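Below is the file protein.csv, which contains CSV, C-alpha atoms and all ligand atoms.
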```
chain,number,residue,atom,x,y,z
A,15,MET,CA,-31.1,48.3,77.0
A,16,ASN,CA,-28.5,45.9,75.7
A,17,ARG,CA,-30.1,42.4,75.4
A,18,GLU,CA,-27.4,40.7,73.4
A,19,PRO,CA,-26.6,37.7,75.7
A,20,LEU,CA,-23.2,37.8,77.3
A,21,ARG,CA,-21.2,34.6,76.9
A,22,PRO,CA,-17.6,34.9,78.2
A,23,VAL,CA,-16.3,31.5,77.1
A,24,LEU,CA,-16.6,30.4,73.5
A,25,TYR,CA,-15.0,28.1,71.0
A,26,ASP,CA,-14.3,28.9,67.4
A,27,ASP,CA,-14.8,25.5,65.6
A,28,ALA,CA,-13.4,26.8,62.3
A,29,ARG,CA,-10.1,28.2,63.6
A,30,ASP,CA,-9.8,25.9,66.7
A,31,VAL,CA,-9.2,28.6,69.3
A,32,VAL,CA,-10.8,29.0,72.7
A,33,ARG,CA,-12.2,32.6,73.0
A,34,LEU,CA,-12.2,34.2,76.4
A,35,LEU,CA,-13.5,37.6,77.3
A,36,ASP,CA,-10.6,39.0,79.4
A,37,GLN,CA,-12.1,39.7,82.8
A,38,LYS,CA,-9.0,41.4,84.1
A,39,ARG,CA,-9.5,44.2,81.6
A,40,LEU,CA,-13.2,44.8,82.2
A,41,PRO,CA,-14.9,47.3,82.5
A,42,ALA,CA,-12.3,49.5,80.8
A,43,GLU,CA,-11.9,47.3,77.8
A,44,GLU,CA,-13.9,44.4,76.2
A,45,ALA,CA,-11.0,42.4,74.9
A,46,TRP,CA,-11.2,38.8,73.6
A,47,LEU,CA,-8.3,36.4,73.9
A,48,GLU,CA,-7.7,33.5,71.6
A,49,LEU,CA,-6.0,30.5,73.2
A,50,GLU,CA,-4.5,27.5,71.4
A,51,THR,CA,-3.4,25.2,74.2
A,52,ALA,CA,-4.7,23.7,77.5
A,53,ASP,CA,-1.7,25.2,79.3
A,54,GLN,CA,-2.7,28.7,78.1
A,55,VAL,CA,-6.3,28.0,79.4
A,56,ALA,CA,-4.9,26.8,82.8
A,57,ALA,CA,-2.9,30.0,83.1
A,58,ALA,CA,-6.0,32.1,82.2
A,59,ILE,CA,-7.9,30.3,85.0
A,60,LYS,CA,-5.1,30.8,87.5
A,61,ASP,CA,-4.7,34.5,86.8
A,62,LEU,CA,-8.5,35.2,86.8
A,63,THR,CA,-8.7,36.1,83.1
A,64,VAL,CA,-11.6,33.7,83.3
A,65,ARG,CA,-13.2,33.2,86.7
A,66,GLY,CA,-16.4,32.1,88.3
A,67,ALA,CA,-17.0,28.4,89.2
A,68,PRO,CA,-19.0,27.3,86.1
A,69,ALA,CA,-17.1,29.5,83.7
A,70,ILE,CA,-13.7,27.9,84.6
A,71,GLY,CA,-15.3,24.5,84.2
A,72,VAL,CA,-16.4,25.4,80.7
A,73,ALA,CA,-13.0,26.9,79.9
A,74,ALA,CA,-11.2,23.8,81.1
A,75,ALA,CA,-13.4,21.6,78.9
A,76,TYR,CA,-12.6,23.8,75.8
A,77,GLY,CA,-8.9,23.7,76.9
A,78,LEU,CA,-8.9,19.9,76.5
A,79,ALA,CA,-10.9,20.1,73.3
A,80,VAL,CA,-8.5,22.6,71.6
A,81,GLU,CA,-5.5,20.5,72.7
A,82,ALA,CA,-7.1,17.4,71.1
A,83,ARG,CA,-8.1,19.2,67.9
A,84,ARG,CA,-4.6,20.4,67.5
A,85,GLY,CA,-3.3,16.8,67.6
A,86,ALA,CA,-2.5,15.9,71.2
A,87,GLY,CA,-2.6,12.2,72.1
A,88,GLU,CA,-4.2,10.6,75.1
A,89,ALA,CA,-1.0,10.9,77.3
A,90,ARG,CA,-0.7,14.6,76.7
A,91,LEU,CA,-4.4,15.1,77.3
A,92,ARG,CA,-4.1,13.3,80.7
A,93,ALA,CA,-1.2,15.6,81.7
A,94,ALA,CA,-3.2,18.6,80.5
A,95,SER,CA,-6.2,17.5,82.6
A,96,GLU,CA,-4.0,17.4,85.7
A,97,THR,CA,-2.7,20.9,85.0
A,98,LEU,CA,-6.2,22.2,84.5
A,99,ILE,CA,-7.6,20.6,87.7
A,100,HIS,CA,-4.9,22.1,89.8
A,101,ALA,CA,-5.3,25.6,88.4
A,102,ARG,CA,-7.7,26.5,91.2
A,103,PRO,CA,-8.8,24.3,94.1
A,104,THR,CA,-12.1,25.5,95.5
A,105,ALA,CA,-14.6,25.6,92.7
A,106,VAL,CA,-15.6,21.9,92.2
A,107,ASN,CA,-17.0,22.7,88.7
A,108,LEU,CA,-13.4,22.7,87.4
A,109,ALA,CA,-12.6,19.2,88.5
A,110,TRP,CA,-16.2,18.1,87.6
A,111,ALA,CA,-15.8,19.3,84.0
A,112,VAL,CA,-12.3,17.9,83.6
A,113,ARG,CA,-13.4,14.5,84.9
A,114,ARG,CA,-16.4,14.5,82.6
A,115,MET,CA,-14.1,15.2,79.6
A,116,GLY,CA,-11.8,12.5,81.0
A,117,ARG,CA,-14.3,9.8,80.2
A,118,LEU,CA,-13.9,10.6,76.5
A,119,LEU,CA,-10.1,11.1,76.2
A,120,GLY,CA,-9.7,8.0,74.0
A,121,ARG,CA,-12.6,8.8,71.7
A,122,GLY,CA,-11.1,11.4,69.5
A,123,ALA,CA,-11.1,15.2,69.1
A,124,ALA,CA,-14.6,15.5,67.7
A,125,ALA,CA,-16.1,13.7,70.7
A,126,LEU,CA,-14.2,16.0,73.1
A,127,LEU,CA,-15.3,19.1,71.3
A,128,ALA,CA,-18.9,18.0,71.3
A,129,GLU,CA,-18.7,17.2,75.0
A,130,ALA,CA,-17.2,20.7,75.7
A,131,HIS,CA,-20.0,22.3,73.8
A,132,ALA,CA,-22.6,20.2,75.7
A,133,ILE,CA,-21.0,21.4,79.0
A,134,ARG,CA,-21.3,25.0,77.9
A,135,ASP,CA,-24.9,24.7,76.6
A,136,GLU,CA,-26.0,22.7,79.7
A,137,ASP,CA,-24.6,25.4,82.0
A,138,GLU,CA,-26.4,28.2,80.3
A,139,ALA,CA,-29.6,26.2,80.4
A,140,ALA,CA,-29.1,25.4,84.1
A,141,CYS,CA,-28.7,29.1,84.8
A,142,ARG,CA,-31.9,29.9,83.1
A,143,ARG,CA,-33.7,27.2,85.1
A,144,ILE,CA,-32.1,28.6,88.4
A,145,GLY,CA,-33.5,32.0,87.3
A,146,ALA,CA,-37.0,30.6,86.8
A,147,LEU,CA,-37.0,28.8,90.1
A,148,GLY,CA,-35.4,31.6,92.1
A,149,ALA,CA,-37.3,34.6,90.7
A,150,PRO,CA,-40.5,34.0,92.7
A,151,LEU,CA,-38.4,34.0,95.9
A,152,VAL,CA,-37.3,37.6,95.4
A,153,PRO,CA,-39.7,40.0,97.3
A,154,PRO,CA,-41.5,42.5,95.2
A,155,ARG,CA,-39.4,45.7,94.4
A,156,ALA,CA,-36.6,44.3,96.6
A,157,ARG,CA,-33.1,45.7,96.8
A,158,VAL,CA,-31.1,42.6,96.4
A,159,LEU,CA,-27.6,42.4,97.8
A,160,THR,CA,-25.0,40.2,95.9
A,161,HIS,CA,-21.4,39.6,96.5
A,162,CYS,CA,-18.6,39.0,93.9
A,163,ASN,CA,-19.8,38.2,90.5
A,164,ALA,CA,-22.1,35.2,90.0
A,165,GLY,CA,-23.4,36.5,86.7
A,166,ALA,CA,-23.2,35.7,83.0
A,167,LEU,CA,-19.4,36.4,83.3
A,168,ALA,CA,-19.0,33.7,85.9
A,169,THR,CA,-20.9,31.1,83.9
A,170,ALA,CA,-21.6,30.0,80.3
A,171,GLY,CA,-24.2,32.8,80.2
A,172,TYR,CA,-27.1,34.4,82.2
A,173,GLY,CA,-25.6,33.7,85.6
A,174,THR,CA,-26.6,32.0,88.8
A,175,ALA,CA,-27.3,34.7,91.5
A,176,LEU,CA,-27.6,37.3,88.6
A,177,GLY,CA,-29.7,34.7,86.7
A,178,VAL,CA,-32.2,35.0,89.6
A,179,VAL,CA,-32.0,38.8,89.3
A,180,ARG,CA,-32.4,38.7,85.5
A,181,ALA,CA,-35.4,36.3,85.7
A,182,ALA,CA,-37.1,38.5,88.4
A,183,VAL,CA,-36.7,41.5,86.2
A,184,GLU,CA,-37.9,39.6,83.1
A,185,ALA,CA,-41.0,38.5,85.2
A,186,GLY,CA,-41.8,42.2,85.8
A,187,ASN,CA,-40.5,42.6,89.3
A,188,PRO,CA,-38.8,46.0,89.3
A,189,ILE,CA,-35.9,45.1,91.7
A,190,SER,CA,-32.5,46.8,92.0
A,191,VAL,CA,-29.2,45.4,93.0
A,192,PHE,CA,-26.5,46.3,95.6
A,193,ALA,CA,-23.2,44.9,94.4
A,194,ASP,CA,-20.4,44.6,97.0
A,195,GLU,CA,-17.2,45.8,95.4
A,196,THR,CA,-15.5,42.5,96.5
A,197,ARG,CA,-12.0,43.3,97.5
A,198,PRO,CA,-9.3,42.7,96.2
A,199,PHE,CA,-10.1,41.6,92.6
A,200,LEU,CA,-13.2,43.8,92.6
A,201,GLN,CA,-15.5,41.4,90.8
A,202,GLY,CA,-18.5,43.3,92.2
A,203,ALA,CA,-17.4,46.8,91.3
A,204,ARG,CA,-15.9,45.9,87.9
A,205,LEU,CA,-17.9,42.9,86.7
A,206,THR,CA,-21.3,42.7,88.4
A,207,ALA,CA,-21.8,46.4,88.0
A,208,TRP,CA,-20.7,46.2,84.3
A,209,GLU,CA,-22.9,43.4,83.3
A,210,LEU,CA,-26.0,44.6,85.1
A,211,HIS,CA,-25.6,48.2,83.8
A,212,ARG,CA,-25.1,46.7,80.3
A,213,ASP,CA,-28.5,45.0,80.7
A,214,GLY,CA,-30.2,48.1,82.1
A,215,ILE,CA,-30.7,46.6,85.6
A,216,PRO,CA,-30.3,49.2,88.3
A,217,VAL,CA,-27.2,48.5,90.3
A,218,THR,CA,-25.4,50.4,93.1
A,219,ILE,CA,-21.9,49.6,94.3
A,220,LEU,CA,-21.1,49.2,98.0
A,221,THR,CA,-17.8,48.6,99.6
A,222,ASP,CA,-17.6,45.2,101.4
A,223,GLY,CA,-18.2,46.7,104.9
A,224,MET,CA,-21.4,48.6,104.2
A,225,ALA,CA,-24.0,45.8,104.1
A,226,GLY,CA,-24.7,45.8,107.9
A,227,TRP,CA,-25.5,49.4,108.0
A,228,LEU,CA,-27.9,49.2,105.1
A,229,MET,CA,-29.6,46.1,106.5
A,230,GLN,CA,-30.0,47.9,109.8
A,231,ARG,CA,-31.8,50.7,108.0
A,232,GLY,CA,-34.1,48.3,106.2
A,233,GLU,CA,-32.6,49.0,102.8
A,234,ILE,CA,-31.9,45.4,101.7
A,235,GLY,CA,-34.7,42.9,101.0
A,236,CYS,CA,-32.7,39.7,100.5
A,237,VAL,CA,-29.2,38.4,99.7
A,238,VAL,CA,-28.5,36.2,96.7
A,239,VAL,CA,-25.0,34.9,96.1
A,240,GLY,CA,-23.4,32.1,94.0
A,241,ALA,CA,-21.2,29.2,95.2
A,242,ASP,CA,-18.0,27.6,94.3
A,243,ARG,CA,-18.8,24.3,96.1
A,244,ILE,CA,-21.7,23.1,98.1
A,245,ALA,CA,-20.9,20.3,100.5
A,246,ALA,CA,-23.3,17.3,101.2
A,247,ASN,CA,-24.6,19.0,104.4
A,248,GLY,CA,-25.4,22.3,102.6
A,249,ASP,CA,-22.3,24.3,103.7
A,250,VAL,CA,-21.4,26.7,101.0
A,251,ALA,CA,-18.0,27.9,99.8
A,252,ASN,CA,-18.1,31.2,98.0
A,253,LYS,CA,-16.0,34.4,97.6
A,254,ILE,CA,-14.4,35.7,100.8
A,255,GLY,CA,-16.9,37.9,102.6
A,256,THR,CA,-19.9,35.8,101.9
A,257,TYR,CA,-20.0,34.3,105.4
A,258,ALA,CA,-20.1,37.7,107.0
A,259,LEU,CA,-23.1,38.6,104.8
A,260,ALA,CA,-24.9,35.4,105.9
A,261,VAL,CA,-24.3,36.2,109.6
A,262,LEU,CA,-25.6,39.8,109.0
A,263,ALA,CA,-28.6,38.5,107.1
A,264,ALA,CA,-29.5,36.1,109.9
A,265,HIS,CA,-29.1,38.8,112.5
A,266,HIS,CA,-31.5,41.1,110.5
A,267,GLY,CA,-34.0,38.3,109.6
A,268,LEU,CA,-33.3,38.6,105.9
A,269,PRO,CA,-33.4,35.7,103.4
A,270,PHE,CA,-30.0,34.5,102.3
A,271,TYR,CA,-30.2,32.6,99.1
A,272,VAL,CA,-27.4,30.6,97.3
A,273,ALA,CA,-27.9,30.0,93.6
A,274,ALA,CA,-25.8,27.4,91.8
A,275,PRO,CA,-26.0,24.7,89.1
A,276,TRP,CA,-25.9,21.1,90.2
A,277,SER,CA,-22.2,20.9,89.0
A,278,THR,CA,-21.4,23.0,92.1
A,279,VAL,CA,-22.9,20.4,94.5
A,280,ASP,CA,-20.2,18.0,95.8
A,281,LEU,CA,-21.8,15.2,97.6
A,282,HIS,CA,-18.4,13.6,98.1
A,283,THR,CA,-17.4,16.4,100.4
A,284,PRO,CA,-19.3,15.9,103.6
A,285,THR,CA,-19.1,19.3,105.2
A,286,GLY,CA,-17.5,22.7,104.5
A,287,ALA,CA,-14.6,21.9,106.7
A,288,ALA,CA,-13.3,19.5,103.9
A,289,ILE,CA,-13.6,22.1,101.2
A,290,PRO,CA,-10.1,23.2,100.0
A,291,ILE,CA,-9.8,27.0,100.3
A,292,GLU,CA,-7.6,28.8,97.8
A,293,GLU,CA,-5.0,31.1,99.4
A,294,ARG,CA,-3.8,33.7,96.9
A,295,GLY,CA,-0.8,35.9,97.3
A,296,GLY,CA,-1.0,38.8,99.7
A,297,ASP,CA,0.4,41.0,96.9
A,298,GLU,CA,-3.0,40.9,95.3
A,299,VAL,CA,-4.4,42.6,98.4
A,300,VAL,CA,-1.9,45.3,98.8
A,301,MET,CA,-1.6,46.3,95.1
A,302,LEU,CA,-4.5,48.3,93.5
A,303,ALA,CA,-4.4,49.2,89.8
A,304,GLY,CA,-0.6,48.6,89.8
A,305,GLN,CA,0.0,50.8,92.9
A,306,ARG,CA,1.1,49.5,96.3
A,307,ILE,CA,-1.5,50.8,98.9
A,308,ALA,CA,0.1,49.5,102.1
A,309,PRO,CA,3.6,49.9,103.7
A,310,ALA,CA,6.2,47.7,102.1
A,311,GLY,CA,7.2,44.8,104.4
A,312,VAL,CA,3.8,44.4,106.0
A,313,PRO,CA,2.2,41.0,105.1
A,314,ALA,CA,-1.3,40.6,103.8
A,315,ARG,CA,-3.6,37.5,103.8
A,316,TYR,CA,-5.8,36.5,100.9
A,317,PRO,CA,-8.0,33.5,101.5
A,318,ALA,CA,-10.1,33.7,98.3
A,319,PHE,CA,-13.1,32.0,99.7
A,320,ASP,CA,-15.0,31.3,102.9
A,321,VAL,CA,-17.5,28.8,104.1
A,322,THR,CA,-21.0,29.7,105.1
A,323,PRO,CA,-22.6,27.1,107.4
A,324,ALA,CA,-25.8,25.6,106.1
A,325,ALA,CA,-27.6,26.8,109.2
A,326,LEU,CA,-27.3,30.4,107.8
A,327,VAL,CA,-28.7,29.5,104.3
A,328,THR,CA,-32.4,30.1,103.7
A,329,ALA,CA,-32.4,28.0,100.5
A,330,VAL,CA,-30.1,26.7,97.8
A,331,ILE,CA,-31.5,27.3,94.4
A,332,THR,CA,-30.3,24.7,91.9
A,333,ASP,CA,-31.4,23.9,88.4
A,334,ARG,CA,-32.8,20.6,89.8
A,335,GLY,CA,-34.9,22.4,92.4
A,336,VAL,CA,-34.9,24.6,95.5
A,337,VAL,CA,-33.5,23.0,98.6
A,338,ARG,CA,-34.2,24.1,102.2
A,339,ALA,CA,-33.1,22.6,105.5
A,340,PRO,CA,-32.4,19.8,106.2
A,341,PHE,CA,-30.0,20.3,103.3
A,342,ASP,CA,-28.3,16.9,103.5
A,343,ALA,CA,-31.6,15.1,102.8
A,344,GLY,CA,-32.8,17.7,100.3
A,345,LEU,CA,-29.6,17.5,98.2
A,346,ARG,CA,-29.5,13.7,98.3
A,347,ALA,CA,-33.1,13.6,97.1
A,348,LEU,CA,-32.1,15.6,94.0
A,349,ALA,CA,-28.9,13.6,93.3
B,401,LIG,O1,-12.4,34.2,92.5
B,401,LIG,P1,-13.6,34.1,91.6
B,401,LIG,O2,-13.9,35.4,90.9
B,401,LIG,O3,-13.6,33.0,90.6
B,401,LIG,O4,-14.8,33.8,92.6
B,401,LIG,C1,-16.1,33.6,92.1
B,401,LIG,C2,-17.2,33.5,93.1
B,401,LIG,O5,-16.9,33.4,94.3
B,401,LIG,C3,-18.5,33.3,92.6
B,401,LIG,O6,-19.5,33.8,93.5
B,401,LIG,C4,-18.8,31.8,92.4
B,401,LIG,O7,-17.8,31.2,91.5
B,401,LIG,C5,-20.1,31.6,91.8
B,401,LIG,S1,-20.1,31.9,90.0
B,401,LIG,C6,-21.6,31.6,89.4
```

Render the structure in this file as structure tokens.
Amino acid sequence: MNREPLRPVLYDDARDVVRLLDQKRLPAEEAWLELETADQVAAAIKDLTVRGAPAIGVAAAYGLAVEARRGAGEARLRAASETLIHARPTAVNLAWAVRRMGRLLGRGAAALLAEAHAIRDEDEAACRRIGALGAPLVPPRARVLTHCNAGALATAGYGTALGVVRAAVEAGNPISVFADETRPFLQGARLTAWELHRDGIPVTILTDGMAGWLMQRGEIGCVVVGADRIAANGDVANKIGTYALAVLAAHHGLPFYVAAPWSTVDLHTPTGAAIPIEERGGDEVVMLAGQRIAPAGVPARYPAFDVTPAALVTAVITDRGVVRAPFDAGLRALA
């Protein structure tokens, strides 16, 4: 079993480079990129080299730190902040991290780097706390269904949904995981399967349409997913396909848990209807491993996220506590 913690976003203080594990090349290759500008980091966020709500927040913070350490002044840092914030719209962690860095833009490069390190360290600690709070909710020996990748790769380390899985395993609960493949970028088949297998946690890949059948046969004990933004009323934006799982879980009477750090909670967004949903190019849907898999000339849609109404969520597991309905009051109480 490989227990070396997986940390996909790092900063080399001696050489002033942001180090990113290239998630486009996993699992075939473990390649690390070294980035020297905020624009390079923004491009890496946009093209999913680094992805997952907390991880893109950490990457953006390091993007501003590297820019400052390489001599950028306040005006340049403000422009870079705008570019980073607009790299992806749905995960609120990105804007949260950039705004947090924004409060220190005039204070010098050392202060910015220290803040970026703090954002990274706090996120990993939050994931471990989410794991500790969430593990007791996982039924004994359960087969846990997850969607996309809300693991170490999507965070500073340890993961949110997969943090709950890891903590349950560490507590001695011999669970196993079903990972939805998560079309079209295949975060489940490529990334969730890779990181769980690396840690010796049993994982089986499903295609995105299989969950209903397995639930009907009693083969799934609960669903645990991550989130890109949680509105004040408890509505949850997460990878496209999450909403369908929540409907299925409700139909089959299964718990549907959402695990996320507090930086994913956006009390300024009243309901899911106000969450901006990223639409990516349809080409990403019809191209698979460089091959076109659909007839040329037929359009494809790629809304990258969907919104699960709070009514379908059993509990939101945050580092500040576990929240159940009524979510608006519960989230406000933790704010
Ligand atoms: O498009 P992605 O891969 O960035 O989408 C990621 C997800 O939807 C994750 O579930 C979410 O960011 C939670 S990560 C802890």

Need to verify the contact set: Val23 (chain A), 8 Å, all atoms listed in the file, exclusion of same-chain residues closer than 4 positions in sequence. Can you return it as an NGL selection string? :A and (32-35 or 69 or 72-73 or 170)

Could you report the residues within 7 Å of ligand LIG 401 (chain B), using only C-alpha atoms and all ligand atoms, as a PyMOL selection string? chain A and resi 62+65-68+105+161-165+168-169+173-175+201+239-242+252-253+274+318-319

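CA of Leu20 (chain A) lies 10.7 Å from CA of Leu210 (chain A).
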
Calculate, to one decimal in Å, the centre and edge lengths of the box along x, y and z of the file that holds all listed atoms of region 50-56 of chain A with 3 Å of margin on each side, and present them as JSON.
```
{"center_x": -4.0, "center_y": 26.2, "center_z": 77.1, "size_x": 10.6, "size_y": 11.0, "size_z": 17.4}
```

Residues at most 8 Å from Gly145 (chain A), counting all atoms listed in the file, excluding those fewer than 2 positions away in the same chain, as a PyMOL selection string? chain A and resi 141-143+147-149+174-175+177-182

List every residue of region 225-254 of chain A that has an atom at most 9 Å from any atom of region 286-291 of chain A, giving for each one its closest atom pair and the distance in Å to one decimal, counting only C-alpha atoms, sorted by chain and then by ascending residue number, as JSON lines.
```
{"residue": "A:Arg243", "atom": "CA", "partner": "A:Ile289", "partner_atom": "CA", "distance": 7.6}
{"residue": "A:Ile244", "atom": "CA", "partner": "A:Gly286", "partner_atom": "CA", "distance": 7.7}
{"residue": "A:Ala245", "atom": "CA", "partner": "A:Gly286", "partner_atom": "CA", "distance": 5.8}
{"residue": "A:Ala246", "atom": "CA", "partner": "A:Gly286", "partner_atom": "CA", "distance": 8.6}
{"residue": "A:Asn247", "atom": "CA", "partner": "A:Gly286", "partner_atom": "CA", "distance": 8.0}
{"residue": "A:Gly248", "atom": "CA", "partner": "A:Gly286", "partner_atom": "CA", "distance": 8.1}
{"residue": "A:Asp249", "atom": "CA", "partner": "A:Gly286", "partner_atom": "CA", "distance": 5.1}
{"residue": "A:Val250", "atom": "CA", "partner": "A:Gly286", "partner_atom": "CA", "distance": 6.6}
{"residue": "A:Ala251", "atom": "CA", "partner": "A:Gly286", "partner_atom": "CA", "distance": 7.0}
```

Using all atoms listed in the file, determine which residues lie at most 6 Å from Pro275 (chain A), disregarding the query and same-chain residues fewer than 6 positions distant; provide the list as an MDAnalysis selection string. chainID A and resid 140 332:333

In Å, how far is it from CA of Gly295 (chain A) to CA of Val261 (chain A)?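 So the answer is 26.5 Å.
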
Report as a ChimeraX atom specification all protein, DNA and RNA residues lying within 9 Å of Leu220 (chain A), evaluated on all atoms listed in the file, omitting residues in the same chain fewer than 3 positions from it. /A:192-196,202-203,223-225

At what distance in Å, to one decimal, does CA of Trp276 (chain A) lie from CA of Val31 (chain A)?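 So the answer is 27.8 Å.
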
Reconstruct all heavy atoms of region 154-162 of chain A from the incomplete input and present them as a tab-separated table (two decimals), in the frame of the given file.
```
chain	number	residue	atom	x	y	z
A	154	PRO	N	-41.18	41.49	96.11
A	154	PRO	CA	-41.50	42.50	95.20
A	154	PRO	C	-40.70	43.81	95.42
A	154	PRO	O	-40.56	44.22	96.56
A	154	PRO	CB	-43.00	42.80	95.39
A	154	PRO	CG	-43.50	41.59	96.10
A	154	PRO	CD	-42.35	40.99	96.83
A	155	ARG	N	-40.16	44.39	94.36
A	155	ARG	CA	-39.40	45.70	94.40
A	155	ARG	C	-38.20	45.62	95.32
A	155	ARG	O	-37.72	46.66	95.79
A	155	ARG	CB	-40.31	46.83	94.83
A	155	ARG	CG	-41.65	46.90	94.13
A	155	ARG	CD	-42.44	48.14	94.50
A	155	ARG	NE	-42.03	49.26	93.64
A	155	ARG	CZ	-42.52	49.48	92.44
A	155	ARG	NH1	-43.46	48.68	91.94
A	155	ARG	NH2	-42.09	50.47	91.71
A	156	ALA	N	-37.70	44.43	95.61
A	156	ALA	CA	-36.60	44.30	96.60
A	156	ALA	C	-35.33	44.95	96.10
A	156	ALA	O	-35.07	45.04	94.90
A	156	ALA	CB	-36.33	42.83	96.87
A	157	ARG	N	-34.52	45.40	97.07
A	157	ARG	CA	-33.10	45.70	96.80
A	157	ARG	C	-32.32	44.51	97.18
A	157	ARG	O	-32.31	44.11	98.35
A	157	ARG	CB	-32.73	47.00	97.52
A	157	ARG	CG	-33.30	48.24	96.79
A	157	ARG	CD	-33.17	49.48	97.57
A	157	ARG	NE	-34.07	49.47	98.72
A	157	ARG	CZ	-34.37	50.56	99.43
A	157	ARG	NH1	-33.84	51.71	99.13
A	157	ARG	NH2	-35.19	50.47	100.46
A	158	VAL	N	-31.73	43.89	96.19
A	158	VAL	CA	-31.10	42.60	96.40
A	158	VAL	C	-29.57	42.82	96.53
A	158	VAL	O	-28.95	43.45	95.69
A	158	VAL	CB	-31.32	41.70	95.13
A	158	VAL	CG1	-30.57	40.37	95.25
A	158	VAL	CG2	-32.81	41.47	94.92
A	159	LEU	N	-29.02	42.28	97.61
A	159	LEU	CA	-27.60	42.40	97.80
A	159	LEU	C	-26.88	41.16	97.22
A	159	LEU	O	-27.30	40.02	97.48
A	159	LEU	CB	-27.24	42.50	99.29
A	159	LEU	CG	-25.75	42.49	99.64
A	159	LEU	CD1	-25.05	43.74	99.10
A	159	LEU	CD2	-25.56	42.41	101.16
A	160	THR	N	-25.84	41.37	96.43
A	160	THR	CA	-25.00	40.20	95.90
A	160	THR	C	-23.58	40.53	96.20
A	160	THR	O	-23.18	41.67	96.45
A	160	THR	CB	-25.34	39.93	94.47
A	160	THR	OG1	-24.77	38.65	94.15
A	160	THR	CG2	-24.76	40.98	93.53
A	161	HIS	N	-22.78	39.47	96.14
A	161	HIS	CA	-21.40	39.60	96.50
A	161	HIS	C	-20.58	38.93	95.32
A	161	HIS	O	-21.01	37.95	94.74
A	161	HIS	CB	-21.09	38.82	97.78
A	161	HIS	CG	-19.74	39.07	98.36
A	161	HIS	ND1	-19.34	40.30	98.83
A	161	HIS	CD2	-18.68	38.24	98.55
A	161	HIS	CE1	-18.09	40.22	99.29
A	161	HIS	NE2	-17.67	38.97	99.13
A	162	CYS	N	-19.42	39.50	95.02
A	162	CYS	CA	-18.60	39.00	93.90
A	162	CYS	C	-19.31	39.08	92.61
A	162	CYS	O	-20.17	39.96	92.42
A	162	CYS	CB	-18.13	37.55	94.24
A	162	CYS	SG	-16.78	36.97	93.18
```
